[in-house]
>>> print(open('target-v6.txt').read())   # compact mmCIF, C-alpha atoms (C1' of nucleotides) and all ligand atoms
# COMPACT_ATOMS: atom_id res chain seq x y z
CA MET A 1 129.24 75.24 102.56
CA ASP A 2 128.47 75.59 98.94
CA LEU A 3 131.76 76.43 97.35
CA ARG A 4 131.43 78.10 93.97
CA ILE A 5 132.35 76.01 91.00
CA HIS A 6 133.15 78.46 88.28
CA THR A 7 136.57 77.78 86.89
CA ARG A 8 137.54 75.09 84.45
CA GLU A 9 139.96 73.70 86.99
CA SER A 10 137.35 73.46 89.74
CA VAL A 11 135.00 71.68 87.36
CA ALA A 12 137.79 69.32 86.35
CA GLN A 13 138.43 68.50 90.00
CA MET A 14 134.78 67.90 90.59
CA LEU A 15 134.75 65.48 87.67
CA ARG A 16 137.84 63.64 88.87
CA GLY A 17 136.26 63.43 92.30
CA ARG A 18 133.37 61.53 90.76
CA GLY A 19 135.56 59.28 88.67
CA ILE A 20 134.80 61.06 85.42
CA ASN A 21 137.58 61.68 82.94
CA PRO A 22 137.63 65.47 82.59
CA THR A 23 137.59 66.04 78.87
CA HIS A 24 137.31 69.43 77.25
CA GLN A 25 133.64 68.93 76.36
CA ARG A 26 132.70 67.66 79.81
CA ILE A 27 134.41 70.59 81.44
CA GLU A 28 132.60 73.09 79.23
CA ILE A 29 129.27 71.43 79.93
CA GLY A 30 129.97 71.29 83.64
CA LEU A 31 130.92 74.93 83.59
CA ALA A 32 127.69 75.85 81.85
CA LEU A 33 125.78 73.98 84.53
CA PHE A 34 127.60 75.30 87.57
CA GLU A 35 128.90 78.75 86.86
CA ASN A 36 125.50 80.29 87.19
CA PRO A 37 123.31 77.57 88.58
CA ARG A 38 119.77 77.32 87.39
CA HIS A 39 117.32 74.88 85.88
CA SER A 40 118.23 74.44 82.24
CA SER A 41 117.19 72.14 79.44
CA ALA A 42 119.61 70.14 77.31
CA ASP A 43 118.98 72.52 74.47
CA GLU A 44 119.84 75.54 76.59
CA ILE A 45 123.04 73.88 77.73
CA LEU A 46 123.92 73.09 74.14
CA ALA A 47 123.41 76.69 73.13
CA LEU A 48 125.26 78.04 76.16
CA VAL A 49 128.25 75.79 75.63
CA ASN A 50 128.56 76.69 71.98
CA ALA A 51 127.87 80.40 72.41
CA ARG A 52 131.44 81.57 71.74
CA HIS A 53 133.05 78.75 69.81
CA THR A 54 131.57 75.41 68.92
CA GLU A 55 132.66 73.15 71.73
CA ALA A 56 130.39 70.13 71.80
CA SER A 57 127.82 68.38 69.66
CA LYS A 58 124.24 67.65 70.52
CA ALA A 59 124.96 63.95 71.12
CA THR A 60 127.79 64.78 73.49
CA VAL A 61 125.63 67.19 75.46
CA TYR A 62 122.91 64.58 75.85
CA ASN A 63 125.40 61.82 76.68
CA THR A 64 127.23 64.00 79.16
CA LEU A 65 124.09 65.16 80.93
CA LYS A 66 123.04 61.55 81.29
CA LEU A 67 126.48 60.72 82.67
CA PHE A 68 126.32 63.60 85.13
CA VAL A 69 122.91 62.41 86.32
CA GLU A 70 124.22 58.88 86.82
CA LYS A 71 127.15 60.19 88.83
CA GLY A 72 124.92 62.39 90.93
CA MET A 73 126.35 65.67 89.72
CA VAL A 74 123.02 67.03 88.52
CA ARG A 75 119.44 66.12 89.04
CA GLU A 76 116.75 65.60 86.45
CA LEU A 77 113.51 67.47 86.90
CA ILE A 78 110.49 66.05 85.14
CA VAL A 79 107.96 68.82 85.31
CA ASP A 80 107.46 70.15 81.81
CA PRO A 81 105.89 67.77 79.31
CA ASN A 82 108.20 69.01 76.56
CA LYS A 83 111.64 68.76 78.03
CA VAL A 84 113.74 67.62 80.93
CA PHE A 85 115.32 70.24 83.16
CA TYR A 86 118.69 69.72 84.76
CA ASP A 87 119.17 71.05 88.25
CA SER A 88 122.74 71.77 89.27
CA ASN A 89 121.57 71.97 92.86
CA THR A 90 121.70 68.37 94.02
CA SER A 91 120.87 69.03 97.64
CA VAL A 92 117.42 67.87 98.64
CA HIS A 93 114.92 70.56 97.77
CA HIS A 94 111.59 71.10 96.10
CA HIS A 95 110.15 73.43 93.48
CA PHE A 96 107.57 75.97 92.55
CA TYR A 97 106.64 75.50 88.93
CA ASP A 98 104.85 78.27 87.08
CA VAL A 99 102.65 76.37 84.69
CA ILE A 100 102.32 79.37 82.37
CA THR A 101 105.87 80.64 82.11
CA GLY A 102 107.60 77.33 82.86
CA GLU A 103 109.74 79.02 85.49
CA LEU A 104 111.15 76.87 88.27
CA THR A 105 111.99 78.23 91.71
CA ASP A 106 113.71 76.34 94.48
CA ILE A 107 112.04 75.52 97.76
CA PRO A 108 114.65 74.68 100.38
CA ALA A 109 113.97 71.35 102.05
CA GLU A 110 114.62 72.69 105.52
CA GLY A 111 111.32 73.11 107.26
CA VAL A 112 109.33 71.14 104.72
CA HIS A 113 107.90 68.06 106.33
CA ILE A 114 105.83 65.43 104.62
CA ASP A 115 103.67 63.36 106.89
CA GLY A 116 101.56 60.27 106.61
CA LEU A 117 102.87 58.74 103.43
CA PRO A 118 101.91 55.07 103.27
CA SER A 119 104.60 52.42 103.43
CA LEU A 120 106.31 51.58 100.18
CA PRO A 121 105.18 48.71 98.00
CA PRO A 122 107.00 45.62 99.33
CA GLY A 123 110.54 45.18 98.10
CA SER A 124 110.95 48.72 96.89
CA ILE A 125 113.20 51.50 98.08
CA THR A 126 112.80 55.24 97.83
CA GLU A 127 114.83 57.03 95.19
CA GLY A 128 113.59 60.41 96.27
CA ILE A 129 110.53 62.49 96.92
CA ASP A 130 109.62 65.32 94.59
CA VAL A 131 107.24 68.02 95.68
CA ILE A 132 106.14 70.29 92.90
CA VAL A 133 103.91 73.23 93.75
CA ARG A 134 102.26 74.21 90.51
CA ILE A 135 101.48 77.91 90.53
CA ARG A 136 100.20 80.53 88.15
CA GLN A 137 99.96 84.30 88.15
CA GLY A 138 96.77 86.22 88.83
CA HIS A 139 93.48 85.85 90.70
CA MET B 1 80.89 57.77 96.79
CA ASP B 2 82.68 56.85 93.66
CA LEU B 3 79.97 55.74 91.31
CA ARG B 4 81.28 53.58 88.48
CA ILE B 5 81.28 55.17 85.07
CA HIS B 6 81.28 52.28 82.67
CA THR B 7 78.42 52.60 80.27
CA ARG B 8 78.23 54.82 77.21
CA GLU B 9 75.20 56.52 78.70
CA SER B 10 76.92 57.31 82.00
CA VAL B 11 79.89 58.75 80.14
CA ALA B 12 77.55 60.82 77.97
CA GLN B 13 75.89 62.21 81.08
CA MET B 14 79.22 63.04 82.60
CA LEU B 15 80.16 64.93 79.44
CA ARG B 16 76.86 66.84 79.37
CA GLY B 17 77.37 67.67 83.02
CA ARG B 18 80.61 69.39 82.08
CA GLY B 19 79.18 71.19 79.09
CA ILE B 20 80.83 68.90 76.57
CA ASN B 21 78.91 67.78 73.53
CA PRO B 22 78.86 64.00 73.84
CA THR B 23 79.97 62.79 70.44
CA HIS B 24 80.65 59.18 69.56
CA GLN B 25 84.42 59.64 69.72
CA ARG B 26 84.35 61.51 73.02
CA ILE B 27 82.18 58.84 74.55
CA GLU B 28 84.52 56.08 73.42
CA ILE B 29 87.53 57.94 74.75
CA GLY B 30 85.78 58.68 78.02
CA LEU B 31 84.82 55.04 78.33
CA ALA B 32 88.43 53.97 77.78
CA LEU B 33 89.48 56.33 80.55
CA PHE B 34 86.84 55.48 83.10
CA GLU B 35 85.73 51.90 82.65
CA ASN B 36 88.86 50.56 84.25
CA PRO B 37 90.64 53.54 85.68
CA ARG B 38 94.37 53.72 85.52
CA HIS B 39 97.17 55.97 84.42
CA SER B 40 97.37 55.76 80.66
CA SER B 41 99.20 57.62 77.94
CA ALA B 42 97.56 59.13 74.88
CA ASP B 43 98.96 56.33 72.79
CA GLU B 44 97.47 53.68 75.05
CA ILE B 45 94.10 55.39 74.92
CA LEU B 46 94.33 55.55 71.14
CA ALA B 47 95.05 51.83 70.95
CA LEU B 48 92.39 50.96 73.50
CA VAL B 49 89.70 52.97 71.77
CA ASN B 50 90.45 51.45 68.39
CA ALA B 51 90.97 47.89 69.61
CA ARG B 52 87.73 46.47 68.16
CA HIS B 53 86.79 48.88 65.42
CA THR B 54 88.46 52.09 64.42
CA GLU B 55 86.63 54.74 66.37
CA ALA B 56 88.84 57.82 66.58
CA SER B 57 91.92 59.29 64.98
CA LYS B 58 95.12 60.26 66.68
CA ALA B 59 94.29 63.98 66.40
CA THR B 60 90.90 63.45 67.99
CA VAL B 61 92.37 61.49 70.87
CA TYR B 62 94.90 64.23 71.58
CA ASN B 63 92.29 66.98 71.16
CA THR B 64 89.82 65.19 73.37
CA LEU B 65 92.29 64.46 76.13
CA LYS B 66 93.25 68.13 76.15
CA LEU B 67 89.56 69.07 76.31
CA PHE B 68 88.97 66.65 79.16
CA VAL B 69 91.89 68.13 81.08
CA GLU B 70 90.55 71.67 80.57
CA LYS B 71 87.15 70.60 81.82
CA GLY B 72 88.62 68.89 84.83
CA MET B 73 87.57 65.38 83.83
CA VAL B 74 91.06 63.96 83.90
CA ARG B 75 94.37 65.07 85.29
CA GLU B 76 97.69 65.23 83.56
CA LEU B 77 100.62 63.57 85.25
CA ILE B 78 104.07 64.76 84.25
CA VAL B 79 106.37 62.15 85.63
CA ASP B 80 107.85 60.25 82.70
CA PRO B 81 110.16 62.23 80.42
CA ASN B 82 108.72 60.53 77.35
CA LYS B 83 104.99 60.90 77.69
CA VAL B 84 102.16 62.42 79.61
CA PHE B 85 99.93 60.15 81.67
CA TYR B 86 96.25 60.83 82.10
CA ASP B 87 94.75 60.08 85.47
CA SER B 88 91.03 59.41 85.51
CA ASN B 89 91.09 59.86 89.26
CA THR B 90 90.69 63.61 89.69
CA SER B 91 90.42 63.60 93.46
CA VAL B 92 93.45 65.02 95.20
CA HIS B 93 96.03 62.30 95.58
CA HIS B 94 99.70 61.58 95.08
CA HIS B 95 101.79 58.88 93.44
CA PHE B 96 104.47 56.31 93.75
CA TYR B 97 106.45 56.20 90.54
CA ASP B 98 108.63 53.21 89.80
CA VAL B 99 111.49 54.75 87.88
CA ILE B 100 112.40 51.40 86.30
CA THR B 101 109.06 50.02 85.20
CA GLY B 102 107.29 53.36 84.85
CA GLU B 103 104.43 52.08 86.97
CA LEU B 104 102.29 54.62 88.82
CA THR B 105 100.45 53.81 92.03
CA ASP B 106 98.02 56.10 93.80
CA ILE B 107 98.68 57.50 97.24
CA PRO B 108 95.42 58.69 98.80
CA ALA B 109 95.67 62.27 100.01
CA GLU B 110 93.98 61.50 103.33
CA GLY B 111 96.60 61.47 106.01
CA VAL B 112 99.31 63.04 103.86
CA HIS B 113 100.27 66.40 105.31
CA ILE B 114 102.80 68.77 103.88
CA ASP B 115 104.25 71.24 106.30
CA GLY B 116 106.45 74.27 106.15
CA LEU B 117 106.17 75.23 102.52
CA PRO B 118 107.22 78.84 102.06
CA SER B 119 104.68 81.41 100.96
CA LEU B 120 104.04 81.65 97.27
CA PRO B 121 105.83 84.15 95.07
CA PRO B 122 103.80 87.38 95.29
CA GLY B 123 100.79 87.52 93.01
CA SER B 124 100.65 83.82 92.32
CA ILE B 125 98.08 81.23 93.23
CA THR B 126 98.43 77.51 93.73
CA GLU B 127 97.24 75.25 90.95
CA GLY B 128 98.02 72.11 92.88
CA ILE B 129 100.69 70.25 94.75
CA ASP B 130 102.17 67.10 93.30
CA VAL B 131 104.04 64.68 95.48
CA ILE B 132 105.86 61.99 93.57
CA VAL B 133 107.67 59.31 95.50
CA ARG B 134 110.18 57.85 93.12
CA ILE B 135 110.83 54.20 93.97
CA ARG B 136 112.71 51.27 92.54
CA GLN B 137 112.83 47.58 93.25
CA GLY B 138 115.59 45.93 95.27
CA HIS B 139 118.30 47.05 97.69
C1' DA C 1 67.71 71.03 50.04
C1' DT C 2 70.84 74.46 51.88
C1' DT C 3 73.46 76.45 55.28
C1' DC C 4 76.48 76.75 59.05
C1' DG C 5 79.12 75.76 63.08
C1' DG C 6 81.20 72.25 65.42
C1' DA C 7 83.83 68.00 65.18
C1' DT C 8 86.81 64.79 63.01
C1' DT C 9 90.37 63.34 59.93
C1' DA C 10 94.69 62.64 57.22
C1' DG C 11 98.92 63.68 56.83
C1' DA C 12 102.60 66.87 57.02
C1' DC C 13 105.32 68.83 60.41
C1' DA C 14 108.08 70.07 64.77
C1' DA C 15 110.69 69.23 68.98
C1' DA C 16 113.19 66.35 71.99
C1' DG C 17 115.91 62.74 72.29
C1' DT C 18 118.35 58.25 70.72
C1' DC C 19 121.47 55.45 68.20
C1' DA C 20 125.01 53.29 65.31
C1' DA C 21 128.88 53.82 62.69
C1' DA C 22 132.72 56.64 61.53
C1' DA C 23 136.18 59.76 62.91
C1' DT C 24 138.95 61.79 66.42
C1' DT C 25 141.67 61.89 70.42
C1' DA C 26 144.15 60.03 74.21
C1' DT C 27 146.90 56.33 76.30
C1' DA C 28 150.03 52.75 76.38
C1' DA C 29 153.19 49.28 74.28
C1' DA C 30 156.70 48.12 71.48
C1' DT D 1 158.72 57.52 67.45
C1' DT D 2 155.55 54.21 65.45
C1' DT D 3 151.76 51.26 66.43
C1' DA D 4 148.03 49.43 68.81
C1' DT D 5 144.13 50.01 71.76
C1' DA D 6 140.68 52.20 74.32
C1' DA D 7 137.84 56.15 75.21
C1' DT D 8 135.39 59.94 73.47
C1' DT D 9 133.12 62.65 70.18
C1' DT D 10 130.64 63.55 66.00
C1' DT D 11 127.45 63.13 62.25
C1' DG D 12 123.25 62.41 60.60
C1' DA D 13 119.60 59.29 60.27
C1' DC D 14 115.97 57.83 62.99
C1' DT D 15 112.11 57.40 66.63
C1' DT D 16 108.61 59.07 69.58
C1' DT D 17 105.40 62.21 71.15
C1' DG D 18 102.71 65.67 70.08
C1' DT D 19 100.94 69.73 67.08
C1' DC D 20 98.90 72.00 63.14
C1' DT D 21 96.26 72.98 59.02
C1' DA D 22 93.24 72.33 55.56
C1' DA D 23 89.80 69.38 53.96
C1' DT D 24 85.91 66.81 55.06
C1' DC D 25 82.03 65.31 57.68
C1' DC D 26 78.01 65.68 60.64
C1' DG D 27 73.98 67.51 62.78
C1' DA D 28 70.88 70.68 63.63
C1' DA D 29 68.12 74.46 61.97
C1' DT D 30 66.33 76.98 58.68
MN MN E 201 106.53 65.95 73.96
MN MN E 202 111.35 62.86 75.04
ZN ZN E 203 116.14 73.29 91.97
ZN ZN E 204 96.51 58.62 90.21
>>> encode(input="target-v6.txt", output="structure tokens", more="lines below")
Ligand SMILES: [Mn+2]
Ligand SMILES: [Mn+2]
Ligand SMILES: [Zn+2]
Ligand SMILES: [Zn+2]
Amino acid sequence: MDLRIHTRESVAQMLRGRGINPTHQRIEIGLALFENPRHSSADEILALVNARHTEASKATVYNTLKLFVEKGMVRELIVDPNKVFYDSNTSVHHHFYDVITGELTDIPAEGVHIDGLPSLPPGSITEGIDVIVRIRQGH
Amino acid sequence: MDLRIHTRESVAQMLRGRGINPTHQRIEIGLALFENPRHSSADEILALVNARHTEASKATVYNTLKLFVEKGMVRELIVDPNKVFYDSNTSVHHHFYDVITGELTDIPAEGVHIDGLPSLPPGSITEGIDVIVRIRQGH
DNA sequence: ATTCGGATTAGACAAAGTCAAAATTATAAA
DNA sequence: TTTATAATTTTGACTTTGTCTAATCCGAAT
């Protein structure tokens, strides 16, 4: 079901579909996020986007990532104290997090059940549930 | 079971029990963490410790919190992109996180069951499992 | 008193991210 | 086409959180 998004035109359509004006910079940033999906930091995206020619400034990368998060195109992962990771996989899923290397690995949500959570504080609604399995190598 | 730690002497004993030399600064920082437990940032601890008289420098607060984490006296919570929170409750438990206010609320681990997690990547061991229920106020 | 290791400190520094104002680009009117 | 207007991007200064190093301080133990 997960059609590849790896051309500038498919990214542009995705943007239009979310009501985002598909500018050159936004398309390049979207492409960096979706052409080979992974968990990348803003700085990595910045470097990736500007690898060949300079395409977008730091401010634009940060602004655009924030916009993409707002519009539900990517998901923020708060797991490393030093930087935010952006997950181009927006389907519900969880993560292994190697606390030494910083590597993130997806855990599909299918099959994962969480039981016995208490009811929410009154008046509040759930934004989402993050499960992070912190792992490390060795004994 | 949860004996209050709220005197300088009880903090000193806790430090000795963990093989930490109980210096004046460490005792003050420990007291700030344990006398009324909550989820506080390094900056809040720094302010709290130096509220009456100046007791410890920024470097010492950061060094000491890191030491306390190493020795298992407090737990780091990575949940806010801007700062680390230190949890003086080291028993296994989870958290509600209000994404608007930044407020953290404990979820006792009793009764919470997590099912169907895949097996770990080969060669790795679990450091811990964090469940963060992101909430917000209103519809 | 001197020594020595551990602990603390000041302050410079680094990394991640934000912000405001200027400059650029796109869109629409005239 | 010119002109006006709105949207977007850029620059570079700035903030926040945290780290690092070298100097100092402290507390035993000689
Ligand atoms: Mn940081
Ligand atoms: Mn930050
Ligand atoms: Zn993921
Ligand atoms: Zn807690």
>>> residues_near_ligand(input="target-v6.txt", ligand="ligand ZN 203 (chain E)", cutoff="12 Å", atoms="all atoms listed in the file", output="PyMOL selection string")
chain A and resi 37-40+74-79+85-97+103-109+130-132
>>> residues_near_ligand(input="target-v6.txt", ligand="ligand MN 202 (chain E)", cutoff="6 Å", atoms="only C-alpha atoms (C1' of nucleotides) and all ligand atoms", output="list in words")
Pro81 and Asn82 of chain B; DA16 and DG17 of chain C
>>> atom_distance(input="target-v6.txt", atom1="CA of His24 in chain A", atom2="C1' of DA15 in chain C")
27.9 Å
>>> interface_residues(input="target-v6.txt", of="chain C", to="chain B", cutoff="9 Å", atoms="only C-alpha atoms (C1' of nucleotides)", output="PyMOL selection string")
chain C and resi 7-10
>>> closest_atom_pairs(input="target-v6.txt", of="chain C", to="range 6-21 of chain D", cutoff="9 Å", atoms="all atoms listed in the file", output="CSV")
residue,atom,partner,partner_atom,distance
C:DA12,C1',D:DC20,C1',8.8
C:DC13,C1',D:DC20,C1',7.7
C:DA14,C1',D:DT19,C1',7.5
C:DA15,C1',D:DG18,C1',8.8
C:DA16,C1',D:DT17,C1',8.9
C:DG17,C1',D:DT16,C1',8.6
C:DT18,C1',D:DT15,C1',7.5
C:DC19,C1',D:DC14,C1',7.9
C:DA22,C1',D:DT11,C1',8.4
C:DA23,C1',D:DT10,C1',7.4
C:DT24,C1',D:DT9,C1',7.0
C:DT25,C1',D:DT8,C1',7.2
C:DA26,C1',D:DA7,C1',7.5
C:DT27,C1',D:DA6,C1',7.7
>>> closest_residue(input="target-v6.txt", among="B:Ile100, B:Ile129, B:Ile135, B:Val84", to="ligand MN 201 (chain E)", atoms="all atoms listed in the file")
B:Val84
>>> closest_residue(input="target-v6.txt", among="A:Asn63, A:Gln137, A:Ala32, A:Ala51", to="chain D", atoms="only C-alpha atoms (C1' of nucleotides)")
A:Asn63
>>> atom_distance(input="target-v6.txt", atom1="CA of Thr126 in chain A", atom2="CA of Arg136 in chain B")
6.6 Å
>>> atom_distance(input="target-v6.txt", atom1="C1' of DT3 in chain C", atom2="CA of Ile20 in chain B")
23.8 Å
>>> residues_around(input="target-v6.txt", residues="Ile29 in chain A", least_positions_apart="2", cutoff="8 Å", atoms="all atoms listed in the file", output="list in words")
Gln25, Arg26, Ile27, Leu31, Ala32, Leu33, Ile45, Val49, Val61 and Thr64 of chain A
>>> closest_residue(input="target-v6.txt", among="A:His6, A:Glu28, A:Lys83, A:Glu70", to="ligand MN 201 (chain E)", atoms="all atoms listed in the file")
A:Lys83
>>> closest_residue(input="target-v6.txt", among="A:Gly19, A:Asp80, A:Met14, A:Glu127", to="ligand MN 201 (chain E)", atoms="all atoms listed in the file")
A:Asp80
>>> decode(input="target-v6.txt", residues="range 41-111 of chain B", atoms="C-alpha atoms", output="compact mmCIF listing (two decimals), in the first residue's frame")
# COMPACT_ATOMS: atom_id res chain seq x y z
CA SER B 41 15.50 19.99 34.35
CA ALA B 42 19.13 20.72 35.13
CA ASP B 43 18.37 24.40 35.04
CA GLU B 44 15.56 24.05 37.55
CA ILE B 45 17.81 22.07 39.87
CA LEU B 46 20.49 24.72 39.54
CA ALA B 47 18.02 27.45 40.48
CA LEU B 48 16.50 25.41 43.29
CA VAL B 49 19.86 24.57 44.83
CA ASN B 50 21.02 28.17 44.76
CA ALA B 51 17.73 29.71 45.84
CA ARG B 52 18.86 30.71 49.35
CA HIS B 53 22.62 30.85 49.13
CA THR B 54 24.84 30.00 46.23
CA GLU B 55 25.75 26.38 46.76
CA ALA B 56 26.87 24.91 43.45
CA SER B 57 27.96 26.02 40.01
CA LYS B 58 26.38 25.12 36.73
CA ALA B 59 29.21 22.71 35.88
CA THR B 60 28.82 20.92 39.19
CA VAL B 61 25.09 20.55 38.75
CA TYR B 62 25.55 19.03 35.29
CA ASN B 63 28.42 16.82 36.46
CA THR B 64 26.50 15.66 39.49
CA LEU B 65 23.32 14.89 37.62
CA LYS B 66 25.34 12.81 35.18
CA LEU B 67 26.99 11.02 38.10
CA PHE B 68 23.63 10.36 39.72
CA VAL B 69 22.31 8.90 36.47
CA GLU B 70 25.35 6.62 36.16
CA LYS B 71 24.87 5.41 39.70
CA GLY B 72 21.19 4.80 39.15
CA MET B 73 19.98 7.44 41.59
CA VAL B 74 17.93 9.31 39.06
CA ARG B 75 16.62 8.59 35.61
CA GLU B 76 16.89 10.68 32.51
CA LEU B 77 13.72 11.40 30.61
CA ILE B 78 14.10 12.37 26.97
CA VAL B 79 10.74 13.71 26.03
CA ASP B 80 11.12 17.45 25.47
CA PRO B 81 13.25 18.49 22.50
CA ASN B 82 14.78 21.33 24.49
CA LYS B 83 15.95 19.77 27.71
CA VAL B 84 16.46 16.60 29.63
CA PHE B 85 14.27 15.93 32.65
CA TYR B 86 15.56 14.11 35.69
CA ASP B 87 13.19 11.76 37.41
CA SER B 88 13.90 11.07 41.06
CA ASN B 89 11.54 8.13 40.86
CA THR B 90 13.76 5.30 39.63
CA SER B 91 11.19 2.55 39.92
CA VAL B 92 9.92 1.29 36.60
CA HIS B 93 7.11 3.52 35.45
CA HIS B 94 5.84 5.40 32.43
CA HIS B 95 4.61 8.90 31.68
CA PHE B 96 1.91 11.11 30.38
CA TYR B 97 3.46 14.04 28.59
CA ASP B 98 1.39 17.12 27.90
CA VAL B 99 2.82 18.33 24.62
CA ILE B 100 1.50 21.87 25.21
CA THR B 101 2.45 22.55 28.81
CA GLY B 102 5.38 20.15 28.97
CA GLU B 103 3.98 18.63 32.14
CA LEU B 104 4.97 15.06 33.00
CA THR B 105 2.78 12.75 35.05
CA ASP B 106 3.77 9.32 36.29
CA ILE B 107 2.04 6.17 35.14
CA PRO B 108 2.73 3.34 37.60
CA ALA B 109 4.09 0.28 35.85
CA GLU B 110 1.80 -2.10 37.75
CA GLY B 111 -0.92 -3.22 35.44
